[in-house]
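I have placed the structure first, in the form of structure tokens, so that the comments after it can refer back to it.
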Amino acid sequence: MEKSKPASKEFAEIKKQLAEVQNDLKRYVEQTNQQYLELLLASSRKDVINALQAHIVEDIDEGLDTHMVKSCDMRETCRKKFGEVLTMNAALIRLDEVNEEKIDEIRSDLKTIREKAPHKKCDTCFTEVTRLFAKEVNLMQSLQIYSSKEERRTSVTALPEEELVDRVLDPLSNKARLQILKALYVETKTFTALSELTGLRGGNLLFHIQKLLDTGMILQKHEGGEYLITEKGFTVLNKIKEVHAALNS
């Protein structure tokens with residue numbers, strides 16, 4: 001009986017270690033799958049954007065051919081100019097973000113062309129050009145790469161204050177927690193390493209680590225193991241970097 005106790009204890013320890021290894025592997029697979037998914041989505045997005053742009057150009061050609069006034073000496077000249085402006089606007093869907101100034105610039109170009117138009121019947125052609133331009137802008141909004149100032153104001157007023165304070169602002173309102181997140185952005189760290197970094201000990205350091213754990217910005221490999229930053233932590237810290245750059249620009 002006495003001999004079986006150490007063996008049982010050793011077996012329990014082995015089980016614990018295997019469980020920790022299993023958890024580590026699970027997290028690694030999850031992170032690897034996430035990276036693969038992001039690469040796949042990036043590649044798929046490129047293919048989708050290529051197809052969308054080709055479709056838009058076809059839509060421009062068809063719309064102008066069908067709806068522009070046919071019995072007009074300026075038809076081909078205007079059609080070429082309209083096609084250039086609309087195609088240039090369509091190319092913006094390749095960007096990660098389209099600023100409102102660029103859309104306003106193209107809108108202003110179309111307005112200038114309209115003001116110089118010599119005939120009353122030009123209204124027919126400009127109605128079609130306006131429709132095609134609006135379709136392109138709507139597509140950018142659907143792809144979430146463009147929003148007007150009014151839309152941004154509306155989206156800001158809809159932000160959930162309590163959730164943002166609890167899950168983003170409060171966790172990062174402390175210097176030590178920001179130090180921890182910055183350190184983990186570069187590499188994983190042990191509790192001891194984070195203690196040396198922040199100058200905090202025991203329960204004081206654990207309090208700040210727990211704040212970041214509870215909000216999903218960091219995680220621990222296993223009990224007593226190293227800490228690492230999560231995708232959410234990466235995103236939040238990158239946004240903070242953008243804010244800092246804007247403040248100093």
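Naming works like this for the structure tokens: A, B, ... for the chains as they're shown, residue 1 at the start of each chain, ligands 1 onward in shown order.
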- request: Please identify all polymer residues within 12 Å of Leu184 (chain A), counting only C-alpha atoms, omitting same-chain residues fewer than 2 positions from it, and present them as number ranges by chain.
  value: A: 177-182, 186-191, 193-194, 197, 209, 212, 217-220, 226-231, 233-234, 237
message: DSSP on the backbone: which residues in region 119-197 of chain A end up as alpha helix (DSSP H)? Give the answer as a PyMOL selection string.
response: chain A and resi 122-142+149-157+161-164+175-186+191-197
Looking only at strand (DSSP E) from DSSP on the backbone, list the matching residues of region 20-242 of chain A as a compact mmCIF listing (two decimals) with N, CA and C atoms, in the first residue's frame.
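The resulting file, states_38.txt, is shown below:
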```txt
# COMPACT_ATOMS: atom_id res chain seq x y z
N ILE A 218 -5.19 39.17 -22.75
CA ILE A 218 -4.07 38.25 -22.62
C ILE A 218 -4.61 36.90 -22.15
N LEU A 219 -3.78 35.88 -22.21
CA LEU A 219 -4.15 34.58 -21.64
C LEU A 219 -2.88 33.92 -21.11
N GLN A 220 -3.07 32.92 -20.27
CA GLN A 220 -1.96 32.18 -19.69
C GLN A 220 -1.93 30.78 -20.29
N TYR A 227 2.53 34.10 -19.93
CA TYR A 227 1.39 34.87 -20.41
C TYR A 227 1.66 35.30 -21.85
N LEU A 228 0.60 35.40 -22.65
CA LEU A 228 0.74 35.84 -24.03
C LEU A 228 -0.43 36.72 -24.42
N ILE A 229 -0.20 37.59 -25.38
CA ILE A 229 -1.23 38.52 -25.82
C ILE A 229 -2.20 37.80 -26.77
```
field: Contacts of Ile145 (chain A) within 10 Å, only C-alpha atoms, excl. fewer than 4 positions in-chain, as a VMD selection string
entry: chain A and resid 92 to 99 137 139 to 141
